[in-house]
Structure formats: C-alpha cells, structure tokens
$ cat coords.txt   # compact mmCIF, C-alpha atoms
# COMPACT_ATOMS: atom_id res chain seq x y z
CA MET A 1 70.74 48.85 72.83
CA PRO A 2 71.66 49.26 69.14
CA PHE A 3 68.97 48.85 66.51
CA ALA A 4 69.36 45.62 64.57
CA LYS A 5 67.76 45.97 61.16
CA LYS A 6 66.06 42.82 59.91
CA PRO A 7 65.68 42.76 56.12
CA GLN A 8 62.25 41.76 54.85
CA VAL A 9 63.11 39.33 52.08
CA PHE A 10 60.64 36.76 50.78
CA SER A 11 61.09 33.30 49.30
CA ALA A 12 58.49 34.19 46.68
CA ARG A 13 59.34 36.44 43.75
CA ILE A 14 57.49 38.63 41.21
CA ASN A 15 57.63 37.17 37.71
CA GLU A 16 60.03 38.72 35.24
CA LEU A 17 58.38 39.92 32.05
CA THR A 18 60.40 41.22 29.11
CA LEU A 19 59.07 43.66 26.51
CA GLY A 20 60.69 44.37 23.18
CA THR A 21 63.70 42.71 21.64
CA GLY A 22 67.43 43.29 21.36
CA ASP A 23 69.46 45.69 23.45
CA LYS A 24 66.49 48.04 23.98
CA ALA A 25 64.30 45.34 25.58
CA VAL A 26 63.19 46.03 29.15
CA THR A 27 62.32 43.62 31.94
CA LEU A 28 59.71 44.24 34.62
CA GLY A 29 59.54 42.54 38.00
CA GLY A 30 61.89 39.88 39.31
CA GLN A 31 62.15 41.20 42.87
CA ASN A 32 61.59 39.30 46.13
CA VAL A 33 61.16 42.44 48.26
CA PHE A 34 58.51 45.14 48.39
CA ASN A 35 58.74 47.89 45.80
CA LEU A 36 61.81 50.12 46.11
CA TYR A 37 62.99 48.20 49.21
CA SER A 38 66.47 47.96 47.76
CA PHE A 39 67.79 48.38 51.31
CA ASP A 40 66.44 44.90 52.09
CA ALA A 41 67.77 43.16 48.97
CA ALA A 42 68.95 44.06 45.51
CA MET A 43 66.18 44.52 42.94
CA PRO A 44 67.26 42.93 39.65
CA ASN A 45 65.15 45.33 37.60
CA SER A 46 64.36 48.93 38.48
CA PRO A 47 60.81 50.23 37.90
CA LYS A 48 60.29 51.25 34.30
CA ILE A 49 58.78 54.39 32.76
CA GLY A 50 56.68 54.45 29.62
CA ILE A 51 55.34 57.45 27.72
CA ASP A 52 51.77 57.63 26.48
CA VAL A 53 51.26 58.76 22.88
CA SER A 54 47.75 59.01 21.42
CA ASP A 55 46.65 58.90 17.80
CA ASP A 56 44.58 61.98 18.67
CA PRO A 57 46.86 64.96 17.89
CA VAL A 58 45.03 67.24 20.36
CA GLN A 59 47.17 67.50 23.50
CA PRO A 60 45.96 68.17 27.06
CA SER A 61 48.44 70.99 27.73
CA GLU A 62 50.33 73.78 26.01
CA GLY A 63 53.64 72.18 26.94
CA LEU A 64 52.73 68.90 25.27
CA THR A 65 51.44 70.76 22.21
CA ALA A 66 54.81 72.52 21.96
CA PHE A 67 56.73 69.29 22.51
CA TYR A 68 54.97 67.56 19.62
CA ALA A 69 54.97 70.59 17.32
CA GLY A 70 55.72 69.51 13.76
CA CYS A 71 54.75 65.87 14.39
CA GLU A 72 52.00 65.09 11.92
CA THR A 73 51.35 61.41 12.60
CA LEU A 74 51.21 58.98 15.50
CA ALA A 75 54.54 57.54 14.32
CA ASP A 76 56.09 61.02 14.36
CA ARG A 77 54.92 61.61 17.91
CA ALA A 78 56.01 58.15 19.05
CA LYS A 79 59.47 58.67 17.58
CA LYS A 80 59.82 62.06 19.30
CA ALA A 81 58.71 60.57 22.61
CA ALA A 82 60.97 57.52 22.30
CA GLU A 83 64.00 59.76 21.87
CA LEU A 84 63.68 60.96 25.47
CA GLU A 85 66.56 59.47 27.42
CA ASP A 86 64.48 58.35 30.41
CA VAL A 87 61.74 56.63 28.42
CA ASP A 88 61.96 52.83 28.63
CA PHE A 89 59.00 52.01 26.37
CA VAL A 90 56.32 53.72 24.30
CA CYS A 91 52.60 53.19 24.82
CA ILE A 92 50.52 53.99 21.75
CA ARG A 93 46.86 54.67 22.42
CA PHE A 94 44.11 54.48 19.78
CA ASP A 95 41.65 57.00 21.18
CA LEU A 96 40.28 57.83 17.73
CA ALA A 97 39.13 54.24 17.23
CA ASP A 98 36.29 54.67 19.72
CA PRO A 99 33.01 53.79 17.93
CA ASN A 100 31.34 56.58 19.90
CA GLY A 101 33.89 59.08 18.60
CA ALA A 102 35.82 59.22 15.33
CA ASN A 103 35.44 55.45 14.87
CA LYS A 104 38.80 55.10 13.16
CA SER A 105 39.03 51.77 11.35
CA ILE A 106 41.06 48.86 12.68
CA GLU A 107 42.91 48.77 9.37
CA ASP A 108 44.08 52.35 9.88
CA CYS A 109 45.10 51.54 13.46
CA VAL A 110 47.14 48.58 12.26
CA ALA A 111 48.85 50.77 9.66
CA ASP A 112 49.69 53.29 12.38
CA ALA A 113 51.05 50.57 14.67
CA LYS A 114 53.30 49.24 11.90
CA ALA A 115 54.57 52.75 11.20
CA VAL A 116 55.35 53.22 14.90
CA ALA A 117 57.23 49.90 15.02
CA GLU A 118 59.37 51.06 12.10
CA ALA A 119 59.98 54.49 13.65
CA VAL A 120 60.98 53.53 17.22
CA ASP A 121 63.56 51.12 18.59
CA LYS A 122 62.10 50.85 22.09
CA PRO A 123 59.47 48.35 23.29
CA ILE A 124 55.85 49.04 22.41
CA VAL A 125 52.74 48.80 24.55
CA VAL A 126 49.42 49.06 22.70
CA ALA A 127 46.37 50.56 24.41
CA GLY A 128 42.97 50.46 22.78
CA CYS A 129 40.01 52.79 22.61
CA LYS A 130 38.24 51.54 25.79
CA ASN A 131 35.51 49.86 23.75
CA THR A 132 35.91 46.25 24.85
CA GLU A 133 34.47 44.64 21.72
CA LYS A 134 36.50 46.68 19.27
CA ASP A 135 39.64 46.44 21.38
CA ALA A 136 39.59 42.63 21.26
CA ASP A 137 39.61 42.73 17.47
CA LEU A 138 42.10 45.60 17.39
CA PHE A 139 44.59 43.86 19.67
CA GLY A 140 44.45 40.69 17.63
CA LYS A 141 45.10 42.50 14.33
CA VAL A 142 47.90 44.66 15.78
CA SER A 143 49.49 41.60 17.41
CA GLU A 144 49.55 39.86 14.05
CA ALA A 145 51.06 42.89 12.32
CA LEU A 146 53.75 43.30 15.01
CA GLN A 147 54.52 39.61 15.41
CA GLY A 148 58.07 39.18 16.67
CA LYS A 149 58.16 42.64 18.31
CA ASN A 150 57.22 41.23 21.75
CA ILE A 151 54.63 43.90 22.49
CA LEU A 152 52.20 44.18 25.42
CA VAL A 153 48.52 44.84 24.78
CA LEU A 154 46.49 46.84 27.32
CA SER A 155 44.05 45.63 28.22
CA ALA A 156 42.28 42.31 28.55
CA LYS A 157 39.20 42.87 30.69
CA GLU A 158 36.52 40.61 32.10
CA GLU A 159 34.30 41.45 29.12
CA ASN A 160 36.84 40.63 26.38
CA TYR A 161 39.70 38.62 27.88
CA LYS A 162 38.90 35.54 25.77
CA GLY A 163 39.34 37.41 22.50
CA VAL A 164 42.41 39.34 23.68
CA ALA A 165 44.13 36.31 25.22
CA ALA A 166 43.45 34.16 22.18
CA GLY A 167 44.22 36.79 19.57
CA ALA A 168 47.29 38.40 21.12
CA GLY A 169 48.68 35.91 23.63
CA LEU A 170 48.05 32.51 22.09
CA ALA A 171 48.00 33.17 18.36
CA TYR A 172 50.93 35.60 18.15
CA GLY A 173 52.86 35.19 21.39
CA GLN A 174 52.47 38.77 22.58
CA LYS A 175 52.30 39.81 26.23
CA VAL A 176 48.85 40.34 27.72
CA GLY A 177 47.86 43.09 30.16
CA ALA A 178 45.04 42.08 32.51
CA GLU A 179 42.98 45.10 33.58
CA SER A 180 40.72 44.86 36.62
CA ALA A 181 38.73 47.42 38.59
CA VAL A 182 40.68 48.20 41.79
CA ASP A 183 39.91 44.95 43.61
CA ILE A 184 42.39 42.23 44.53
CA ASN A 185 39.82 39.48 44.03
CA LEU A 186 38.90 40.72 40.57
CA ALA A 187 42.60 40.94 39.66
CA LYS A 188 43.21 37.39 40.81
CA GLN A 189 40.12 36.05 39.06
CA LEU A 190 41.10 37.63 35.74
CA ASN A 191 44.64 36.26 35.95
CA VAL A 192 43.24 32.78 36.61
CA LEU A 193 40.83 33.02 33.66
CA ILE A 194 43.56 34.17 31.27
CA THR A 195 46.01 31.48 32.32
CA GLN A 196 43.32 28.81 32.15
CA MET A 197 42.98 29.65 28.46
CA GLY A 198 46.61 28.62 28.01
CA VAL A 199 48.47 31.93 28.29
CA ASP A 200 51.61 31.48 30.38
CA GLY A 201 51.29 33.51 33.57
CA LYS A 202 54.83 34.76 32.97
CA ASN A 203 53.55 36.49 29.83
CA VAL A 204 50.90 38.45 31.75
CA ALA A 205 51.17 41.88 33.36
CA MET A 206 48.48 43.45 35.55
CA ASN A 207 46.81 46.83 35.51
CA VAL A 208 44.88 46.61 38.77
CA GLY A 209 43.29 50.01 38.26
CA SER A 210 44.37 53.63 38.23
CA ALA A 211 43.16 57.06 39.29
CA ALA A 212 44.57 60.51 39.84
CA ALA A 213 45.72 61.32 43.36
CA GLY A 214 42.73 62.54 45.34
CA TYR A 215 40.17 60.79 43.12
CA GLY A 216 39.54 57.54 44.97
CA PHE A 217 43.28 57.01 44.87
CA GLU A 218 43.35 55.42 48.32
CA TYR A 219 41.58 52.41 46.80
CA VAL A 220 44.24 52.15 44.11
CA VAL A 221 47.22 52.20 46.49
CA SER A 222 45.56 49.81 48.92
CA THR A 223 44.91 47.37 46.07
CA LEU A 224 48.49 47.70 44.85
CA GLU A 225 49.76 47.05 48.37
CA ARG A 226 47.48 44.05 48.97
CA VAL A 227 48.37 42.46 45.63
CA LYS A 228 52.12 42.75 46.26
CA ALA A 229 51.75 41.51 49.84
CA ALA A 230 49.78 38.44 48.72
CA ALA A 231 52.24 37.73 45.90
CA LEU A 232 55.29 37.87 48.16
CA SER A 233 54.28 37.01 51.71
CA GLN A 234 51.68 34.39 50.76
CA ASN A 235 53.48 33.13 47.64
CA ASP A 236 50.27 33.52 45.63
CA ASN A 237 51.40 32.74 42.09
CA THR A 238 48.12 34.03 40.65
CA LEU A 239 49.19 37.53 41.72
CA GLN A 240 52.92 37.40 40.96
CA MET A 241 52.60 39.15 37.63
CA PRO A 242 54.33 42.58 37.42
CA ILE A 243 52.04 45.59 37.60
CA ILE A 244 51.91 48.37 35.00
CA THR A 245 49.86 51.49 35.74
CA PRO A 246 48.71 54.07 33.16
CA VAL A 247 49.03 57.31 35.13
CA GLY A 248 49.01 60.06 32.50
CA VAL A 249 45.56 59.35 31.05
CA GLU A 250 44.07 59.76 34.52
CA THR A 251 45.99 62.76 35.84
CA TRP A 252 45.73 64.97 32.74
CA GLY A 253 41.95 64.70 32.73
CA VAL A 254 41.14 66.10 36.18
CA LYS A 255 40.34 69.72 36.99
CA GLU A 256 43.59 70.29 38.87
CA SER A 257 45.42 69.73 35.57
CA THR A 258 42.97 71.33 33.15
CA ALA A 259 41.35 74.33 34.90
CA PRO A 260 42.63 77.66 33.50
CA GLU A 261 44.74 79.73 35.85
CA SER A 262 42.20 82.56 35.48
CA GLU A 263 39.59 80.48 37.29
CA ASN A 264 41.79 79.74 40.32
CA PRO A 265 44.80 82.06 40.32
CA GLU A 266 45.96 80.75 43.68
CA TRP A 267 46.49 77.31 42.12
CA GLY A 268 49.22 78.57 39.79
CA GLY A 269 49.77 77.62 36.16
CA ALA A 270 47.90 74.66 34.68
CA GLU A 271 51.03 73.14 33.10
CA GLU A 272 52.88 72.97 36.41
CA ARG A 273 49.80 71.61 38.17
CA GLY A 274 49.42 68.85 35.60
CA ILE A 275 53.05 67.80 35.92
CA ASP A 276 52.79 67.86 39.72
CA MET A 277 49.67 65.71 39.67
CA GLU A 278 51.29 63.22 37.31
CA VAL A 279 54.51 62.98 39.33
CA GLU A 280 52.74 62.65 42.68
CA THR A 281 50.44 59.92 41.39
CA ALA A 282 53.28 58.00 39.72
CA ALA A 283 55.49 58.19 42.80
CA ALA A 284 52.74 56.74 44.98
CA CYS A 285 52.01 53.96 42.48
CA LEU A 286 55.68 52.98 42.37
CA ALA A 287 55.96 53.05 46.16
CA TYR A 288 52.93 50.82 46.65
CA GLY A 289 53.44 48.21 43.98
CA SER A 290 53.65 49.30 40.33
CA ASP A 291 56.59 47.87 38.40
CA ALA A 292 56.04 50.38 35.59
CA VAL A 293 54.11 53.61 35.12
CA ILE A 294 52.99 55.25 31.89
CA LEU A 295 53.25 59.06 31.82
CA LYS A 296 52.46 61.78 29.29
CA HIS A 297 54.69 64.79 29.96
CA PRO A 298 58.46 64.76 29.29
CA ASP A 299 59.08 66.73 32.52
CA SER A 300 57.17 64.11 34.48
CA VAL A 301 59.22 61.36 32.87
CA SER A 302 62.53 62.96 33.80
CA THR A 303 61.39 63.77 37.36
CA VAL A 304 60.14 60.25 38.09
CA ALA A 305 63.29 58.79 36.52
CA ARG A 306 65.43 60.84 38.91
CA LEU A 307 63.32 59.67 41.83
CA VAL A 308 63.73 56.02 40.88
CA ALA A 309 67.48 56.40 40.39
CA ALA A 310 67.83 58.04 43.82
CA LEU A 311 65.89 55.25 45.55
CA MET A 312 67.59 52.35 43.79

$ encode --input "coords.txt" --output "structure tokens"
Amino acid sequence: MPFAKKPQVFSARINELTLGTGDKAVTLGGQNVFNLYSFDAAMPNSPKIGIDVSDDPVQPSEGLTAFYAGCETLADRAKKAAELEDVDFVCIRFDLADPNGANKSIEDCVADAKAVAEAVDKPIVVAGCKNTEKDADLFGKVSEALQGKNILVLSAKEENYKGVAAGAGLAYGQKVGAESAVDINLAKQLNVLITQMGVDGKNVAMNVGSAAAGYGFEYVVSTLERVKAAALSQNDNTLQMPIITPVGVETWGVKESTAPESENPEWGGAEERGIDMEVETAAACLAYGSDAVILKHPDSVSTVARLVAALM
C-alpha cells in the first residue's frame, strides 16, 4: 500500500513582524506550519540571521579579532558585520553599560546607536547590558534617538517590561522583544502583560530563553517546541509572536569554545570548536521554533544561511 503523505497545516498562523525600513527590511514569522516544514506548506518568510556586535572591542576568539581588525568603534564593527551577504540584521549589544562593569553612560550608548544607524542600511536590534533597571532607561532613550528606524529592543523582562514597553513600544513605536526564562507559562504571561499595556501583539517578538547546546539546552528546545505547538495547534494568540534567539552570546562563553587547545588537544582548535558550537545550537533552535537567530562569527552566519537555504 503506497504511503499517502498528509501535510500538517494549521488554520492558525505566526504573526508577521517587520524590522527596518525600505528594501532592506526583513519580516519574521507568517507561517502556518512548524518551523522549516516547507514540505507541508510554503513558508512566506524564511528564518532570519542576525549578527551580534558588542560595544566591547575585546572579541571571544582570534578569528573574530582578525575579522574586526581596524574597526575602532561600535559603528565600524557594525558596518563591517552588516556587509556580510548572509546577514539579515545587526544586533548591537551594550555590554560596557553594565553598572557593575565599565558603567558606560546612556548618553554615550545613544550616540553609538545613532552612529550605527548612520553606518548600516540593515535593520537594527538593540540589546542592553543585562541590568534590568538601566536597560529600561537605555531602551527608551535609544528608541527615541532611532525613531522611524523600526528597531527591535531586546529585552523586556518581568522586572522592567513596563518601562521598556512604555518607552520603546508605546512612545516611539518600536518593536519589543519579550524575554522569559525557558518556561512556556512565563512567556505567555509576559506577552499578556505587555499587550495589556497597549502594545500591539503584532509588534512583539519573543526570546523564550537560550543556552549553548549541552548546557540545559533540552529545556530550551522543549520550550520552543511547546510554544510553537500551542500557537499553531491550539490557536493561542498570546504565543503567536515570532521567536528570536540570541545564540552567539551563549555559545562563545562556554568552555568548549574558550578552552585553549593546549588544555585538551583532542578537542582540536578553539576557533573551530566555537563555530561548531554556535552552528549546532542555532540549527537546533531553528528546527524547534526560532524564527531568527543571532550569531557572532561570520563562518557561523554563512553556514547557517546555507542550511536554511537548503531546507527551504
């Protein structure tokens, strides 16, 4: 008896969310099938790839140091990264703004963000310093400075979502990234809270949590899978926001990516290990539910781009 394939197509659909403006704008989401299930139905928008660029000039690998050689400022690095053919958007990260570190001023961060906006023609995602109080203020000021650029701010968390949603989403019409801690219920609750403030759910993206492969990663992929399943099979509109996952910041900080080859010669070179870890993690995120991943290494970007093209 011949096998009769039955496509798994849903009446529900993931929201479309557009970043940037003009012919370089990118759109996330829009599909009514599980991620990369283009054999069931056409996906209107392929998964997107961003590149992570920090205001901290110190790079996590020799390859990245060489890639950004000669780039003196965040804008220089963002421009170099944006020129990569497979990069869909640039994520600028203000690590130096951390009050427990260099405590870079918000004014200096805003100046950097404006310089980046002038230097690149691709959409911009803005990540903070992981200090929730300062990030809320930072996102509001950057959103004002980049009004009309249609940026996404990462991230609004349970501790600061009111300030981020009001300052970025309501006051200046920017897109809001809702970051929760690897739990479908927390993700849903945060989306509800943000939309109850008046932010249109179609202007919200989710970061449901991230980790490097092997570091509690099974919780990440199970959450991604459960969120997408609820959004599509249960038509849960509180979970139909596209998902964006910062992969590079997680994978380039683990020992498999940073340990010198002299410590574990059998592991091979650190650069190759870091790229492998980043690619493996990104591939799994895309397979289980992410509509966009943010990477650090140019080789990782090109590899994941080839994978997406082959599967679409």

$ atom_distance --input "coords.txt" --atom1 "atom CA of Gln240 of chain A" --atom2 "atom CA of Lys188 of chain A"
9.7 Å

$ residues_around --input "coords.txt" --residues "segment 197-199 of chain A" --least-positions-apart "6" --cutoff "7 Å" --atoms "only C-alpha atoms" --output "PyMOL selection string"
chain A and resi 165+169-170

$ closest_residue --input "coords.txt" --among "A:Gly177, A:Gly216, A:Gly167, A:Gly274" --to "Trp252 of chain A" --atoms "only C-alpha atoms"
A:Gly274

$ closest_atom_pairs --input "coords.txt" --of "segment 86-193 of chain A" --to "segment 15-21 of chain A" --cutoff "8 Å" --atoms "all atoms listed in the file" --output "tab-separated table"
residue	atom	partner	partner_atom	distance
A:Lys122	CA	A:Gly20	CA	6.7
A:Pro123	CA	A:Gly20	CA	4.2
A:Ile124	CA	A:Gly20	CA	6.8
A:Lys149	CA	A:Gly20	CA	5.8
A:Asn150	CA	A:Gly20	CA	4.9
A:Ile151	CA	A:Leu19	CA	6.0
A:Leu152	CA	A:Leu19	CA	7.0
A:Lys175	CA	A:Leu19	CA	7.8

$ residues_around --input "coords.txt" --residues "Gly128 of chain A" --least-positions-apart "2" --cutoff "9 Å" --atoms "all atoms listed in the file" --output "list in words"
Ile92, Arg93, Phe94, Asp95, Ala97, Asp98, Val126, Lys130, Asn131, Thr132, Lys134, Asp135, Ala136, Leu138, Phe139, Val153, Leu154 and Ser155 of chain A

$ residues_around --input "coords.txt" --residues "Gly63 of chain A" --least-positions-apart "5" --cutoff "12 Å" --atoms "all atoms listed in the file" --output "ChimeraX atom specification"
/A:58,68-69,269-275,296-300

$ residues_around --input "coords.txt" --residues "segment 108-113 of chain A" --least-positions-apart "5" --cutoff "7 Å" --atoms "only C-alpha atoms" --output "PyMOL selection string"
chain A and resi 74-75+141-142+145

$ closest_residue --input "coords.txt" --among "A:Ala117, A:Leu224, A:Leu96, A:Val301" --to "Asp276 of chain A" --atoms "only C-alpha atoms"
A:Val301

$ atom_distance --input "coords.txt" --atom1 "atom CA of Pro7 of chain A" --atom2 "atom CA of Ala41 of chain A"
7.5 Å

$ atom_distance --input "coords.txt" --atom1 "atom CA of Ser38 of chain A" --atom2 "atom CA of Lys202 of chain A"
23.0 Å

$ axis_aligned_box --input "coords.txt" --around "segment 37-49 of chain A" --padding-each-side "6 Å" --output "AutoDock Vina command-line options"
--center_x 63.9 --center_y 48.7 --center_z 42.4 --size_x 22.2 --size_y 23.5 --size_z 31.3

$ closest_residue --input "coords.txt" --among "A:Leu146, A:Leu286, A:Val208, A:Val9" --to "Phe39 of chain A" --atoms "only C-alpha atoms"
A:Val9

$ closest_residue --input "coords.txt" --among "A:Gly173, A:Gly209, A:Pro242, A:Gly201" --to "Asn32 of chain A" --atoms "all atoms listed in the file"
A:Pro242

$ closest_residue --input "coords.txt" --among "A:Ala119, A:Glu85, A:Arg77, A:Asp40" --to "Val53 of chain A" --atoms "all atoms listed in the file"
A:Arg77

$ closest_residue --input "coords.txt" --among "A:Leu295, A:Ala168, A:Val125, A:Met241" --to "Gln31 of chain A" --atoms "only C-alpha atoms"
A:Met241

$ decode --input "coords.txt" --residues "segment 220-232 of chain A" --atoms "all heavy atoms" --output "short mmCIF file (atom, residue, chain, number, x, y, z; two decimals), in the first residue's frame"
data_model
loop_
_atom_site.label_atom_id
_atom_site.label_comp_id
_atom_site.auth_asym_id
_atom_site.auth_seq_id
_atom_site.Cartn_x
_atom_site.Cartn_y
_atom_site.Cartn_z
N VAL A 220 15.50 24.45 26.61
CA VAL A 220 15.28 25.48 25.59
C VAL A 220 14.47 24.93 24.42
O VAL A 220 13.46 25.49 24.03
CB VAL A 220 16.62 26.07 25.09
CG1 VAL A 220 16.38 27.05 23.94
CG2 VAL A 220 17.35 26.77 26.22
N VAL A 221 14.93 23.79 23.86
CA VAL A 221 14.24 23.27 22.67
C VAL A 221 12.85 22.77 23.01
O VAL A 221 11.92 22.88 22.19
CB VAL A 221 15.07 22.17 21.97
CG1 VAL A 221 16.35 22.74 21.41
CG2 VAL A 221 15.36 20.99 22.89
N SER A 222 12.66 22.23 24.21
CA SER A 222 11.31 21.79 24.57
C SER A 222 10.37 22.97 24.73
O SER A 222 9.19 22.90 24.37
CB SER A 222 11.34 20.95 25.86
OG SER A 222 11.76 21.72 26.97
N THR A 223 10.90 24.09 25.25
CA THR A 223 10.07 25.30 25.37
C THR A 223 9.74 25.87 24.00
O THR A 223 8.60 26.25 23.72
CB THR A 223 10.78 26.35 26.23
OG1 THR A 223 11.06 25.81 27.52
CG2 THR A 223 9.92 27.60 26.38
N LEU A 224 10.75 25.92 23.11
CA LEU A 224 10.49 26.38 21.75
C LEU A 224 9.40 25.54 21.09
O LEU A 224 8.47 26.07 20.48
CB LEU A 224 11.78 26.29 20.92
CG LEU A 224 12.89 27.29 21.22
CD1 LEU A 224 14.17 26.87 20.51
CD2 LEU A 224 12.49 28.69 20.83
N GLU A 225 9.52 24.23 21.23
CA GLU A 225 8.56 23.32 20.61
C GLU A 225 7.16 23.49 21.18
O GLU A 225 6.17 23.53 20.44
CB GLU A 225 9.05 21.88 20.81
CG GLU A 225 8.23 20.84 20.07
CD GLU A 225 8.83 19.47 20.23
OE1 GLU A 225 9.30 19.13 21.35
OE2 GLU A 225 8.82 18.70 19.25
N ARG A 226 7.06 23.62 22.50
CA ARG A 226 5.75 23.76 23.14
C ARG A 226 5.09 25.09 22.77
O ARG A 226 3.87 25.15 22.58
CB ARG A 226 5.90 23.64 24.66
CG ARG A 226 6.29 22.25 25.14
CD ARG A 226 6.41 22.22 26.65
NE ARG A 226 5.12 22.45 27.29
CZ ARG A 226 4.98 22.86 28.54
NH1 ARG A 226 6.06 23.12 29.29
NH2 ARG A 226 3.78 23.02 29.06
N VAL A 227 5.89 26.15 22.70
CA VAL A 227 5.34 27.46 22.32
C VAL A 227 4.77 27.41 20.91
O VAL A 227 3.65 27.86 20.65
CB VAL A 227 6.42 28.55 22.45
CG1 VAL A 227 5.95 29.85 21.78
CG2 VAL A 227 6.75 28.82 23.92
N LYS A 228 5.54 26.87 19.96
CA LYS A 228 5.07 26.81 18.58
C LYS A 228 3.85 25.90 18.45
O LYS A 228 2.91 26.20 17.70
CB LYS A 228 6.19 26.31 17.66
CG LYS A 228 7.09 27.41 17.10
CD LYS A 228 6.31 28.36 16.20
CE LYS A 228 7.21 29.24 15.36
NZ LYS A 228 8.01 30.20 16.08
N ALA A 229 3.84 24.79 19.17
CA ALA A 229 2.70 23.87 19.12
C ALA A 229 1.44 24.54 19.65
O ALA A 229 0.36 24.41 19.06
CB ALA A 229 3.01 22.60 19.90
N ALA A 230 1.56 25.27 20.76
CA ALA A 230 0.39 25.96 21.32
C ALA A 230 -0.09 27.07 20.38
O ALA A 230 -1.30 27.27 20.20
CB ALA A 230 0.74 26.54 22.68
N ALA A 231 0.86 27.79 19.78
CA ALA A 231 0.50 28.88 18.88
C ALA A 231 -0.26 28.38 17.66
O ALA A 231 -1.25 28.99 17.23
CB ALA A 231 1.76 29.63 18.44
N LEU A 232 0.17 27.24 17.11
CA LEU A 232 -0.42 26.75 15.87
C LEU A 232 -1.56 25.76 16.08
O LEU A 232 -2.66 25.94 15.54
CB LEU A 232 0.67 26.11 15.01
CG LEU A 232 1.74 27.07 14.48
CD1 LEU A 232 2.86 26.31 13.80
CD2 LEU A 232 1.14 28.11 13.54
#
